[in-house]
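Asker: Contents of final.cif (mmCIF, C-alpha atoms) are below:
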data_query
loop_
_atom_site.label_atom_id
_atom_site.label_comp_id
_atom_site.auth_asym_id
_atom_site.auth_seq_id
_atom_site.Cartn_x
_atom_site.Cartn_y
_atom_site.Cartn_z
CA MET A 467 0.05 18.85 -20.73
CA ALA A 468 3.51 20.29 -20.67
CA GLY A 469 6.74 20.16 -18.75
CA PHE A 470 6.35 18.20 -15.54
CA ASP A 471 2.57 18.03 -15.61
CA LYS A 472 1.76 14.31 -15.27
CA VAL A 473 -2.01 14.49 -14.98
CA VAL A 474 -4.02 12.50 -17.53
CA ALA A 475 -7.76 12.84 -18.04
CA SER A 476 -8.95 9.23 -17.92
CA PHE A 477 -8.04 5.73 -16.78
CA GLU A 478 -7.94 4.76 -20.44
CA ASP A 479 -5.25 7.38 -21.07
CA ALA A 480 -3.48 6.28 -17.90
CA MET A 481 -2.92 2.75 -19.20
CA VAL A 482 -1.97 3.53 -22.81
CA GLY A 483 0.82 1.21 -23.90
CA LEU A 484 -0.22 -1.80 -21.82
CA GLU A 485 0.22 -4.90 -23.97
CA ASP A 486 -0.30 -8.64 -23.67
CA GLY A 487 2.50 -10.43 -21.84
CA MET A 488 3.73 -7.43 -19.88
CA THR A 489 4.80 -7.36 -16.23
CA VAL A 490 2.71 -5.14 -13.98
CA LEU A 491 3.73 -4.19 -10.42
CA ALA A 492 0.81 -3.29 -8.18
CA GLY A 493 0.86 -1.58 -4.79
CA GLY A 494 -1.42 -2.60 -1.95
CA PHE A 495 -1.61 -4.94 1.03
CA GLY A 496 -4.70 -7.11 1.02
CA LEU A 497 -7.37 -4.67 -0.16
CA CYS A 498 -5.69 -1.70 1.55
CA GLY A 499 -4.18 0.88 -0.77
CA ILE A 500 -4.88 -0.95 -4.02
CA PRO A 501 -5.20 0.88 -7.36
CA GLU A 502 -8.86 -0.11 -7.76
CA ASN A 503 -9.58 1.90 -10.89
CA LEU A 504 -6.41 0.99 -12.77
CA ILE A 505 -7.10 -2.69 -12.09
CA ALA A 506 -10.63 -2.18 -13.45
CA GLU A 507 -9.14 -0.49 -16.53
CA ILE A 508 -6.87 -3.49 -17.15
CA LYS A 509 -9.95 -5.70 -16.97
CA ARG A 510 -11.81 -3.42 -19.40
CA ARG A 511 -8.90 -3.55 -21.87
CA GLY A 512 -8.85 -7.36 -21.74
CA THR A 513 -5.04 -7.47 -21.74
CA LYS A 514 -3.87 -11.09 -21.46
CA GLY A 515 -0.84 -13.07 -20.40
CA LEU A 516 0.16 -10.65 -17.66
CA THR A 517 2.72 -11.26 -14.96
CA VAL A 518 1.47 -9.40 -11.91
CA VAL A 519 3.76 -8.62 -8.98
CA SER A 520 1.78 -7.76 -5.88
CA ASN A 521 1.82 -8.87 -2.24
CA ASN A 522 -1.64 -10.42 -2.64
CA CYS A 523 -4.10 -11.12 -5.45
CA GLY A 524 -7.19 -9.39 -4.10
CA VAL A 525 -10.29 -11.38 -3.25
CA ASP A 526 -12.97 -13.00 -5.39
CA GLY A 527 -14.69 -10.15 -7.22
CA PHE A 528 -12.50 -7.29 -6.02
CA GLY A 529 -8.99 -5.98 -6.49
CA LEU A 530 -6.65 -8.07 -8.62
CA GLY A 531 -9.10 -10.96 -8.18
CA ILE A 532 -11.21 -9.51 -11.03
CA LEU A 533 -8.35 -10.06 -13.50
CA LEU A 534 -8.60 -13.80 -12.83
CA GLU A 535 -12.21 -13.89 -14.05
CA ASP A 536 -11.16 -13.57 -17.71
CA LYS A 537 -7.84 -15.33 -17.14
CA GLN A 538 -5.79 -12.21 -17.81
CA ILE A 539 -3.01 -13.20 -15.41
CA ASN A 540 -0.52 -15.93 -16.35
CA LYS A 541 1.74 -15.53 -13.37
CA MET A 542 1.52 -13.95 -9.91
CA VAL A 543 4.52 -13.04 -7.80
CA SER A 544 3.15 -12.67 -4.26
CA SER A 545 3.85 -13.46 -0.62
CA TYR A 546 0.33 -14.51 0.36
CA VAL A 547 -2.57 -15.63 -1.82
CA GLY A 548 -4.90 -17.24 0.69
CA GLU A 549 -8.03 -15.14 0.27
CA ASN A 550 -9.18 -16.10 -3.18
CA ALA A 551 -11.06 -19.26 -4.27
CA LEU A 552 -10.77 -18.55 -8.02
CA PHE A 553 -7.03 -18.13 -7.59
CA GLU A 554 -6.75 -21.54 -5.95
CA LYS A 555 -8.84 -23.16 -8.70
CA GLN A 556 -6.73 -21.70 -11.54
CA LEU A 557 -3.54 -22.63 -9.69
CA LEU A 558 -4.63 -26.26 -9.31
CA ASN A 559 -5.80 -26.34 -12.97
CA GLY A 560 -2.37 -25.18 -14.10
CA GLU A 561 -3.92 -22.06 -15.70
CA LEU A 562 -2.02 -19.82 -13.34
CA GLU A 563 1.57 -19.89 -12.15
CA VAL A 564 2.55 -18.48 -8.77
CA GLU A 565 5.97 -17.54 -7.47
CA LEU A 566 5.61 -17.29 -3.70
CA THR A 567 8.11 -14.75 -2.45
CA PRO A 568 8.73 -13.72 1.17
CA GLN A 569 7.12 -10.37 1.86
CA GLY A 570 10.32 -8.54 2.80
CA THR A 571 12.13 -10.03 -0.19
CA LEU A 572 9.28 -8.89 -2.45
CA ALA A 573 9.49 -5.35 -1.08
CA GLU A 574 13.26 -5.32 -1.45
CA LYS A 575 13.08 -6.73 -5.00
CA MET A 576 10.95 -3.75 -6.00
CA ARG A 577 13.09 -1.29 -4.06
CA ALA A 578 16.25 -2.67 -5.67
CA GLY A 579 14.62 -2.71 -9.11
CA GLY A 580 13.77 0.96 -8.78
CA ALA A 581 17.22 1.82 -7.45
CA GLY A 582 19.17 0.15 -10.25
CA ILE A 583 20.46 -2.67 -8.05
CA PRO A 584 20.13 -5.92 -10.05
CA ALA A 585 20.27 -8.31 -7.08
CA PHE A 586 20.92 -8.42 -3.35
CA TYR A 587 21.80 -10.92 -0.62
CA THR A 588 19.39 -11.75 2.19
CA ALA A 589 19.19 -14.32 4.97
CA THR A 590 15.45 -14.70 4.37
CA GLY A 591 14.59 -18.08 2.88
CA VAL A 592 17.94 -19.80 3.40
CA GLY A 593 17.34 -23.55 3.83
CA THR A 594 13.73 -23.27 2.63
CA PRO A 595 12.03 -24.03 -0.72
CA VAL A 596 12.58 -20.36 -1.64
CA ALA A 597 16.33 -21.02 -1.86
CA GLU A 598 16.04 -23.71 -4.53
CA GLY A 599 18.18 -22.90 -7.55
CA LYS A 600 19.54 -19.69 -6.06
CA GLU A 601 23.17 -18.76 -5.43
CA THR A 602 24.27 -18.46 -1.83
CA LYS A 603 27.24 -16.79 -0.22
CA VAL A 604 28.61 -16.66 3.32
CA PHE A 605 29.22 -13.27 4.94
CA ASN A 606 30.62 -13.12 8.49
CA GLY A 607 29.86 -16.81 8.99
CA ARG A 608 26.22 -16.63 7.93
CA GLU A 609 24.69 -17.91 4.71
CA TYR A 610 22.75 -15.53 2.46
CA LEU A 611 20.66 -15.96 -0.66
CA LEU A 612 21.06 -13.98 -3.88
CA GLU A 613 17.70 -12.53 -4.87
CA GLU A 614 17.16 -10.67 -8.15
CA ALA A 615 15.45 -7.30 -8.40
CA ILE A 616 12.13 -6.79 -10.20
CA VAL A 617 11.33 -4.09 -12.74
CA GLY A 618 7.85 -3.82 -14.26
CA ASP A 619 6.71 -2.63 -17.68
CA PHE A 620 4.01 -0.84 -15.71
CA ALA A 621 3.61 0.03 -12.05
CA ILE A 622 0.09 0.80 -10.85
CA VAL A 623 -0.01 2.72 -7.60
CA LYS A 624 -2.65 4.10 -5.24
CA GLY A 625 -1.81 7.41 -3.59
CA TRP A 626 -3.81 9.76 -1.38
CA LYS A 627 -2.80 13.15 -2.76
CA ALA A 628 -0.58 14.07 -5.66
CA ASP A 629 0.33 17.39 -7.18
CA ARG A 630 0.38 17.86 -10.94
CA TYR A 631 4.11 17.06 -11.01
CA GLY A 632 3.47 13.59 -9.64
CA ASN A 633 4.72 14.13 -6.11
CA VAL A 634 2.69 11.66 -4.05
CA ILE A 635 1.61 11.27 -0.42
CA TYR A 636 0.03 8.06 0.88
CA ARG A 637 -2.54 7.80 3.62
CA HIS A 638 -1.89 5.67 6.75
CA THR A 639 -1.12 2.01 6.08
CA ALA A 640 -2.39 2.35 2.52
CA GLN A 641 1.26 3.22 1.86
CA ASN A 642 2.63 -0.38 2.10
CA PHE A 643 4.12 -1.51 -1.26
CA ASN A 644 2.96 1.56 -3.20
CA PRO A 645 6.11 3.73 -2.98
CA LEU A 646 8.26 0.70 -3.90
CA ALA A 647 6.17 -0.24 -6.92
CA ALA A 648 6.23 3.43 -7.96
CA THR A 649 10.02 3.39 -8.28
CA ALA A 650 10.20 0.15 -10.27
CA GLY A 651 7.85 0.69 -13.21
CA LYS A 652 9.13 1.64 -16.66
CA ILE A 653 5.80 3.46 -16.81
CA THR A 654 4.46 4.37 -13.37
CA VAL A 655 0.81 5.34 -13.08
CA VAL A 656 -0.58 6.73 -9.82
CA GLU A 657 -4.28 7.06 -9.09
CA VAL A 658 -5.16 9.37 -6.21
CA GLU A 659 -8.10 10.69 -4.22
CA GLU A 660 -7.10 14.30 -4.71
CA ILE A 661 -4.93 16.24 -7.16
CA VAL A 662 -3.56 19.50 -5.78
CA GLU A 663 -1.68 22.36 -7.37
CA VAL A 664 2.10 22.34 -7.44
CA GLY A 665 3.47 23.87 -4.26
CA GLU A 666 0.58 22.81 -2.04
CA LEU A 667 2.33 19.72 -0.66
CA ASP A 668 5.13 20.23 1.86
CA PRO A 669 8.31 19.08 0.01
CA ALA A 670 9.57 17.41 3.19
CA HIS A 671 6.42 15.27 3.42
CA ILE A 672 6.49 13.78 -0.08
CA HIS A 673 6.64 9.97 0.00
CA THR A 674 7.16 9.43 -3.74
CA PRO A 675 8.97 12.24 -5.58
CA GLY A 676 7.55 13.02 -9.02
CA ILE A 677 10.68 11.84 -10.82
CA TYR A 678 9.40 8.27 -10.48
CA VAL A 679 5.92 9.05 -11.75
CA ASP A 680 4.80 9.19 -15.39
CA ARG A 681 1.04 9.61 -15.11
CA VAL A 682 -1.36 10.80 -12.43
CA VAL A 683 -5.10 10.20 -12.60
CA LEU A 684 -7.93 11.14 -10.26
CA GLY A 685 -10.16 8.35 -8.94
CA THR A 686 -12.92 7.55 -6.51
CA PHE A 687 -12.49 4.51 -4.33
CA GLU A 688 -14.67 1.84 -2.77
CA LYS A 689 -12.02 0.90 -0.15
CA LEU A 690 -13.46 -2.44 0.88
CA ILE A 691 -12.42 -3.68 4.32
CA GLU A 692 -11.25 -7.28 4.44
CA LYS A 693 -11.49 -7.85 8.21
CA ARG A 694 -13.67 -5.34 9.95
CA THR A 695 -12.64 -5.44 13.61
CA VAL A 696 -13.98 -3.02 16.20
CA LYS A 697 -13.68 -2.90 19.95
CA ALA A 698 -16.75 -3.46 22.06
CA ALA A 699 -18.45 -0.24 23.13
CA TYR A 700 -18.43 0.24 26.88
CA MET B 1193 -3.93 -29.25 32.60
CA SER B 1194 -2.63 -27.95 29.33
CA LEU B 1195 -2.50 -24.17 28.98
CA THR B 1196 -5.36 -22.27 27.40
CA ARG B 1197 -4.62 -19.86 24.57
CA GLU B 1198 -4.96 -16.99 27.04
CA GLN B 1199 -2.51 -18.60 29.48
CA MET B 1200 -0.04 -19.13 26.65
CA ALA B 1201 -0.31 -15.43 25.81
CA GLN B 1202 0.17 -14.58 29.50
CA ARG B 1203 3.30 -16.72 29.71
CA VAL B 1204 4.79 -15.09 26.59
CA ALA B 1205 3.99 -11.66 28.05
CA GLN B 1206 6.33 -12.48 30.95
CA GLU B 1207 9.19 -12.28 28.43
CA LEU B 1208 8.38 -8.66 27.53
CA GLN B 1209 10.63 -5.88 28.75
CA ASP B 1210 10.02 -2.18 29.12
CA GLY B 1211 10.92 -0.43 25.86
CA PHE B 1212 10.64 -3.51 23.65
CA TYR B 1213 9.59 -3.29 19.99
CA VAL B 1214 7.61 -6.48 19.35
CA ASN B 1215 6.13 -8.19 16.30
CA LEU B 1216 3.20 -10.50 17.09
CA GLY B 1217 2.02 -13.06 14.55
CA ILE B 1218 -1.56 -14.11 13.91
CA GLY B 1219 -3.40 -16.30 16.47
CA ILE B 1220 -2.12 -16.82 20.01
CA PRO B 1221 0.74 -14.29 19.52
CA THR B 1222 -1.84 -11.54 18.88
CA LEU B 1223 -3.36 -12.22 22.33
CA VAL B 1224 -0.04 -11.31 23.99
CA ALA B 1225 -0.97 -7.65 23.48
CA ASN B 1226 -3.74 -8.12 26.07
CA TYR B 1227 -1.23 -9.03 28.78
CA VAL B 1228 1.40 -6.31 28.53
CA PRO B 1229 2.13 -5.40 32.18
CA LYS B 1230 0.58 -2.06 33.14
CA ASN B 1231 3.86 -0.49 34.23
CA MET B 1232 5.56 -1.32 30.91
CA ASP B 1233 5.78 0.44 27.55
CA VAL B 1234 5.85 -1.92 24.58
CA MET B 1235 5.51 -0.85 20.94
CA LEU B 1236 3.89 -3.33 18.53
CA GLN B 1237 5.24 -3.60 14.99
CA SER B 1238 2.97 -4.76 12.18
CA GLU B 1239 4.87 -5.73 9.06
CA ASN B 1240 2.51 -4.02 6.60
CA GLY B 1241 4.16 -0.79 7.74
CA LEU B 1242 3.14 0.26 11.24
CA LEU B 1243 5.12 0.70 14.45
CA GLY B 1244 2.89 1.50 17.40
CA MET B 1245 -0.24 -0.50 16.68
CA GLY B 1246 -3.17 0.32 18.95
CA GLU B 1247 -6.42 -1.43 19.76
CA PHE B 1248 -9.31 -1.99 17.38
CA PRO B 1249 -11.19 1.18 16.38
CA THR B 1250 -14.77 2.02 17.32
CA GLU B 1251 -17.48 2.02 14.65
CA ASP B 1252 -17.02 5.79 14.45
CA THR B 1253 -13.27 5.75 13.91
CA ILE B 1254 -12.94 2.70 11.64
CA ASP B 1255 -10.75 3.49 8.61
CA ALA B 1256 -10.10 1.22 5.60
CA ASP B 1257 -6.63 2.78 5.25
CA MET B 1258 -5.62 1.75 8.78
CA ILE B 1259 -5.03 -1.99 9.04
CA ASN B 1260 -2.53 -4.44 10.54
CA ALA B 1261 -0.70 -7.33 8.89
CA GLY B 1262 -3.67 -9.59 9.64
CA LYS B 1263 -5.73 -7.14 7.53
CA GLN B 1264 -7.78 -6.19 10.60
CA THR B 1265 -8.79 -2.57 11.12
CA VAL B 1266 -6.71 -1.07 13.94
CA THR B 1267 -5.66 2.25 15.44
CA THR B 1268 -2.29 3.77 16.30
CA VAL B 1269 -0.91 4.59 19.74
CA LYS B 1270 0.71 7.92 20.57
CA GLY B 1271 4.25 7.94 19.18
CA ALA B 1272 3.43 5.56 16.33
CA SER B 1273 4.96 5.75 12.87
CA ILE B 1274 3.80 4.50 9.46
CA PHE B 1275 6.09 3.59 6.58
CA SER B 1276 6.54 1.47 3.46
CA SER B 1277 6.89 -2.30 3.30
CA ALA B 1278 10.61 -1.98 2.49
CA GLU B 1279 11.17 0.18 5.56
CA SER B 1280 9.16 -2.27 7.64
CA PHE B 1281 11.28 -5.21 6.58
CA ALA B 1282 14.48 -3.22 6.98
CA MET B 1283 13.53 -3.04 10.67
CA ILE B 1284 12.85 -6.75 10.73
CA ARG B 1285 15.85 -7.92 8.69
CA GLY B 1286 18.18 -5.45 10.29
CA GLY B 1287 17.51 -7.00 13.69
CA HIS B 1288 15.87 -3.90 15.17
CA VAL B 1289 12.79 -5.71 16.48
CA ASP B 1290 13.42 -6.90 20.06
CA LEU B 1291 11.00 -9.82 20.13
CA THR B 1292 9.06 -11.78 17.52
CA VAL B 1293 6.28 -14.17 18.52
CA LEU B 1294 4.80 -16.49 15.92
CA GLY B 1295 2.99 -19.79 15.49
CA ALA B 1296 4.30 -22.92 13.76
CA PHE B 1297 3.35 -26.41 12.56
CA GLU B 1298 6.66 -27.96 13.63
CA VAL B 1299 9.95 -27.06 15.31
CA ASP B 1300 13.00 -29.30 15.52
CA VAL B 1301 16.06 -29.76 17.76
CA ASN B 1302 18.24 -27.77 15.35
CA GLY B 1303 16.04 -24.70 15.63
CA ASN B 1304 14.39 -25.24 12.25
CA ILE B 1305 10.80 -24.08 11.91
CA ALA B 1306 8.01 -25.10 9.51
CA SER B 1307 5.00 -22.83 9.59
CA TRP B 1308 3.79 -21.93 6.12
CA MET B 1309 3.11 -24.87 3.85
CA ILE B 1310 1.58 -28.33 3.91
CA PRO B 1311 2.26 -29.81 0.46
CA ASN B 1312 -0.89 -30.58 -1.55
CA LYS B 1313 -3.02 -29.14 1.22
CA LEU B 1314 -2.21 -25.61 2.27
CA ILE B 1315 -0.32 -23.36 -0.14
CA LYS B 1316 -1.25 -19.84 0.77
CA GLY B 1317 2.19 -18.35 1.02
CA MET B 1318 4.68 -17.39 3.68
CA GLY B 1319 3.75 -13.72 4.00
CA GLY B 1320 6.38 -12.12 6.20
CA ALA B 1321 7.18 -15.21 8.30
CA MET B 1322 10.44 -16.11 6.53
CA ASP B 1323 11.72 -12.55 6.93
CA LEU B 1324 10.71 -12.47 10.59
CA VAL B 1325 12.45 -15.70 11.56
CA ALA B 1326 15.58 -14.85 9.56
CA GLY B 1327 15.84 -11.32 10.92
CA ALA B 1328 15.00 -11.63 14.59
CA GLU B 1329 17.47 -12.58 17.28
CA ASN B 1330 14.79 -13.18 19.90
CA ILE B 1331 11.93 -15.38 18.70
CA ILE B 1332 9.28 -17.25 20.67
CA VAL B 1333 7.28 -19.91 18.86
CA THR B 1334 3.83 -20.66 20.26
CA MET B 1335 2.03 -23.85 19.27
CA THR B 1336 0.34 -26.92 20.67
CA HIS B 1337 2.79 -29.59 21.76
CA ALA B 1338 1.13 -32.28 19.65
CA SER B 1339 -1.43 -32.40 16.86
CA LYS B 1340 -5.04 -33.39 17.46
CA ASP B 1341 -4.04 -36.94 16.48
CA GLY B 1342 -1.35 -36.91 19.15
CA GLU B 1343 1.59 -36.49 16.76
CA SER B 1344 4.44 -34.53 18.33
CA LYS B 1345 5.29 -31.16 16.78
CA LEU B 1346 8.68 -31.05 18.54
CA LEU B 1347 10.78 -33.14 16.23
CA SER B 1348 14.30 -34.33 15.55
CA ASN B 1349 13.79 -33.11 11.96
CA CYS B 1350 10.96 -30.99 10.59
CA SER B 1351 8.96 -32.99 8.04
CA LEU B 1352 7.29 -30.00 6.34
CA PRO B 1353 8.97 -27.39 4.10
CA LEU B 1354 10.91 -24.96 6.30
CA THR B 1355 10.20 -21.34 7.05
CA GLY B 1356 13.67 -20.84 8.48
CA LYS B 1357 16.77 -22.81 9.35
CA GLY B 1358 18.44 -22.83 12.75
CA CYS B 1359 16.69 -19.71 13.96
CA ILE B 1360 14.45 -20.84 16.84
CA LYS B 1361 15.68 -20.97 20.44
CA LYS B 1362 12.47 -20.67 22.51
CA VAL B 1363 9.22 -22.59 22.24
CA LEU B 1364 6.08 -22.29 24.33
CA THR B 1365 3.57 -25.09 23.91
CA ASP B 1366 0.35 -25.77 25.77
CA LEU B 1367 2.38 -28.16 27.94
CA ALA B 1368 5.80 -26.62 28.41
CA TRP B 1369 8.34 -23.85 28.01
CA LEU B 1370 11.37 -25.23 26.17
CA GLU B 1371 14.63 -23.81 24.92
CA ILE B 1372 16.74 -25.27 22.13
CA GLU B 1373 20.38 -25.79 23.04
CA ASP B 1374 23.04 -27.90 21.27
CA GLY B 1375 20.67 -30.02 19.22
CA ALA B 1376 18.09 -30.74 21.91
CA PHE B 1377 14.99 -29.32 23.54
CA VAL B 1378 15.64 -28.40 27.16
CA LEU B 1379 12.55 -28.56 29.36
CA LYS B 1380 12.55 -25.33 31.37
CA GLU B 1381 9.00 -25.16 32.77
CA ARG B 1382 5.87 -27.25 32.65
CA ALA B 1383 2.25 -26.15 32.57
CA PRO B 1384 0.53 -26.38 35.98
CA GLY B 1385 -0.55 -29.96 36.60
CA VAL B 1386 1.27 -31.39 33.58
CA SER B 1387 3.80 -34.09 34.43
CA VAL B 1388 7.29 -34.40 33.01
CA GLU B 1389 6.28 -37.86 31.78
CA ASP B 1390 3.43 -36.37 29.73
CA ILE B 1391 5.86 -33.98 28.09
CA ILE B 1392 8.43 -36.71 27.41
CA ALA B 1393 5.70 -38.86 25.82
CA LYS B 1394 4.66 -36.05 23.48
CA THR B 1395 8.15 -34.89 22.46
CA GLN B 1396 9.63 -36.78 19.53
CA GLY B 1397 12.91 -34.83 19.29
CA LYS B 1398 15.73 -35.21 21.83
CA LEU B 1399 14.59 -33.77 25.16
CA ILE B 1400 16.82 -32.86 28.08
CA VAL B 1401 14.99 -32.90 31.41
CA PRO B 1402 16.78 -31.14 34.27
CA ASP B 1403 16.49 -32.56 37.80
CA HIS B 1404 13.95 -29.96 38.73
CA VAL B 1405 11.39 -28.63 36.24
CA PRO B 1406 9.33 -25.89 37.86
CA GLU B 1407 5.67 -25.26 37.11
CA MET B 1408 4.83 -22.03 35.32
CA VAL B 1409 3.67 -19.26 37.58
CA PHE B 1410 0.95 -16.86 36.49
CA ALA B 1411 0.66 -13.58 38.32
CA GLN B 1412 -2.94 -12.59 38.97
#
Hey, can you dump this file as structure tokens for me?
Answerer:
Amino acid sequence: MAGFDKVVASFEDAMVGLEDGMTVLAGGFGLCGIPENLIAEIKRRGTKGLTVVSNNCGVDGFGLGILLEDKQINKMVSSYVGENALFEKQLLNGELEVELTPQGTLAEKMRAGGAGIPAFYTATGVGTPVAEGKETKVFNGREYLLEEAIVGDFAIVKGWKADRYGNVIYRHTAQNFNPLAATAGKITVVEVEEIVEVGELDPAHIHTPGIYVDRVVLGTFEKLIEKRTVKAAY
Amino acid sequence: MSLTREQMAQRVAQELQDGFYVNLGIGIPTLVANYVPKNMDVMLQSENGLLGMGEFPTEDTIDADMINAGKQTVTTVKGASIFSSAESFAMIRGGHVDLTVLGAFEVDVNGNIASWMIPNKLIKGMGGAMDLVAGAENIIVTMTHASKDGESKLLSNCSLPLTGKGCIKKVLTDLAWLEIEDGAFVLKERAPGVSVEDIIAKTQGKLIVPDHVPEMVFAQ
């Protein structure tokens, strides 16, 4: 590996440096576009005391849900955690802390974190429990909330295709939080379905430029569907 | 007769305009998509990062990478675009979405809405609801007028933790179309066969009843 080549050979290599107590940002929405293999690698390593920032926490037995089985997560920062019985149990037991964050605020916290913006004002959450303990300021007669950016020790990201330099393209709505998480990790790891040679991807179609990416690893994916809806055949 | 879920969706659909970008929440709001007038182009926004949501796929075209904010598998319409969550909420927070339709547990006379949390009972998270109500200028709340126990959901003060403050102006219940003006609900229309007295009895917050309250009309 030399120069800009970001490709690593294994998931084990991809997560070198992950330690107990770290903050991990994870892309994905529900089970769509989640870094399945990197989550499995975190489970295999048995890393504990993690703070995980992700829109959801998977489901029982899949996605981030598997990290709850051995109590590897201390705290989740998410917008919606309704699909997971083990999550609810650990939350009620006090084994797990959750910081519920509005979805747009969560996306913007990652975006700001990656862009070197320490905090931003938003109208979202004003007058709600989300505003408790936060500074507010009035602009043009409307009240806004000061929300702080998030930076992770690691970001784990699921892409569709990447070149060896770490330029990434996402597929359909599997994009979601992935490009935001990618910008906000001190170490950003992207697992993809296909690694192509440099120059094969159209530069104008890159979603995540390689400058944000530290490691690229090739995976195969189960891609479970949470709510399988089809139209009736006529 | 109180409105069915389908009739509620039909009534909301009457508020659509040609060229509208619309975000529909889960439940009754989702049904609005079935009643878009034939001569009208409406583009549906789904906050997981999709503008131009189409119908459900067939078994042959189903794709795990193509879902909506309700995590259902969907398709795209011609002219659709797909983007990140930050871009999606920039549209929402920046006020670019023309109409947002969502459900609620309670709404009050000051335009406050509670829709995401029942303490000690339901703590799943707010998802994108707080962003949607804070960002949209034009919001319609759809809900039943009263709970199954007969408790009014149209209140002088919301009792549950809020989703947003002072952001709701239009409410469609199974009994009535109401608008919030100057600290009161104004009764604009009633469901066919529902009396003004019924609505008064089931509205806890201040209600202004004009001299004439027309019945809703449903085009067939």
Asker: I need the residue nearest Gly1320 in chain B from this list: A:Asn521, A:Thr695, A:Thr602, A:Asn559. Use only C-alpha atoms for the distance.
Answerer: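 Ranking A:Asn521, A:Thr695, A:Thr602, A:Asn559 by distance to Gly1320 in chain B, first place goes to A:Asn521.
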Asker: Within 6 Å of chain A, which residues of chain B are there when counting all atoms listed in the file? Please give them as a list in words.
Answerer: Asn1240, Gly1241, Phe1248, Pro1249, Thr1250, Ala1256, Asp1257, Met1258, Lys1263, Gln1264, Thr1265, Ser1276, Ser1277, Ala1278, Phe1281, Lys1316, Gly1317, Met1318, Gly1319, Gly1320, Met1322, Asp1323, Ala1326, Leu1354, Thr1355 and Lys1357 of chain B
Asker: Between CA of Glu601 in chain A and CA of Tyr587 in chain A, measure the distance and give it in Å to one decimal.
Answerer: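 We find that CA of Glu601 in chain A and CA of Tyr587 in chain A lie 9.3 Å from each other.
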Asker: Find the distance between CA of Ala1411 in chain B and CA of Ile1392 in chain B and write it in Å to one decimal.
Answerer: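 Atom-to-atom, CA of Ala1411 in chain B and CA of Ile1392 in chain B are spaced 26.7 Å apart.
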Asker: Could you check the closest approach to Thr1292 in chain B for each of B:Gln1202, B:Thr1365, B:Asn1226, B:Asn1330 and tell me which residue wins, using all atoms listed in the file?
Answerer: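 Of B:Gln1202, B:Thr1365, B:Asn1226, B:Asn1330, the one nearest Thr1292 in chain B, counting all atoms listed in the file, is B:Asn1330.
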Asker: Near Ile653 in chain A, within 9 Å and counting only C-alpha atoms, which residues show up once chain neighbours fewer than 2 positions away are dropped, as a PyMOL selection string?
Answerer: chain A and resi 483+618-622+648+650-651+655+678-681
Asker: Run the PyMOL selection byres ((chain B and resi 1222) around 12) on the file and write out the hits as a ChimeraX atom specification.
Answerer: /B:1197-1198,1200-1202,1204-1205,1214-1221,1223-1228,1236-1238,1245-1247,1260-1262,1264,1292-1295,1334
Asker: Using all atoms listed in the file, can you tell me which of B:Ser1307, B:Ser1387, B:Ser1339, B:Thr1395 comes closest to Gly1356 in chain B?
Answerer: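 Distance minimum relative to Gly1356 in chain B lands on B:Ser1307.
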Asker: Report as a PDB file with C-alpha atoms, in the frame of the given file the full result of the PyMOL selection byres ((chain A and resi 519) around 8) when it is applied to this structure.
Answerer:
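The file below, result24.pdb, is the result:
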ATOM      1  CA  THR A 489       4.800  -7.360 -16.230  1.00  0.00           C
ATOM      2  CA  VAL A 490       2.710  -5.140 -13.980  1.00  0.00           C
ATOM      3  CA  LEU A 491       3.730  -4.190 -10.420  1.00  0.00           C
ATOM      4  CA  ALA A 492       0.810  -3.290  -8.180  1.00  0.00           C
ATOM      5  CA  THR A 517       2.720 -11.260 -14.960  1.00  0.00           C
ATOM      6  CA  VAL A 518       1.470  -9.400 -11.910  1.00  0.00           C
ATOM      7  CA  SER A 520       1.780  -7.760  -5.880  1.00  0.00           C
ATOM      8  CA  ASN A 521       1.820  -8.870  -2.240  1.00  0.00           C
ATOM      9  CA  MET A 542       1.520 -13.950  -9.910  1.00  0.00           C
ATOM     10  CA  VAL A 543       4.520 -13.040  -7.800  1.00  0.00           C
ATOM     11  CA  SER A 544       3.150 -12.670  -4.260  1.00  0.00           C
TER      12      SER A 544
END
Asker: Residues picked by the PyMOL selection byres ((chain A and resi 669) around 12) here, as a list in words?
Answerer: Ala628, Asp629, Tyr631, Asn633, Val634, Ile635, Val664, Gly665, Glu666, Leu667, Asp668, Ala670, His671, Ile672, His673, Thr674, Pro675 and Gly676 of chain A
Asker: Determine the nearest neighbour of Trp626 in chain A from the options A:Val683, A:Ala480, A:Leu533, A:Leu611, counting all atoms listed in the file.
Answerer: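 Selected residue with least distance to Trp626 in chain A: A:Val683.
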Asker: I'd like the interatomic distance between CA of Asp526 in chain A and CA of Lys624 in chain A, to a tenth of an Å.
Answerer: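 Here the two named atoms are 20.0 Å from each other.
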Asker: Extending 8 Å beyond the listed atoms of range 1373-1388 of chain B on each side, what axis-aligned box results? I want centre and edge lengths in Å to one decimal, as AutoDock Vina command-line options.
Answerer:
--center_x 11.2 --center_y -29.8 --center_z 27.9 --size_x 39.6 --size_y 25.2 --size_z 33.4
Asker: Would you kindly return, as a list of chain:residue names, each protein, DNA or RNA residue with an atom no farther than 9 Å from any atom of Leu516 in chain A, considering only C-alpha atoms and excluding same-chain residues fewer than 3 positions away?
Answerer: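 Near neighbours after the sequence-gap exclusion: A:Glu485, A:Asp486, A:Gly487, A:Met488, A:Thr489, A:Val490, A:Thr513, A:Gln538, A:Ile539, A:Asn540, A:Lys541, A:Met542.
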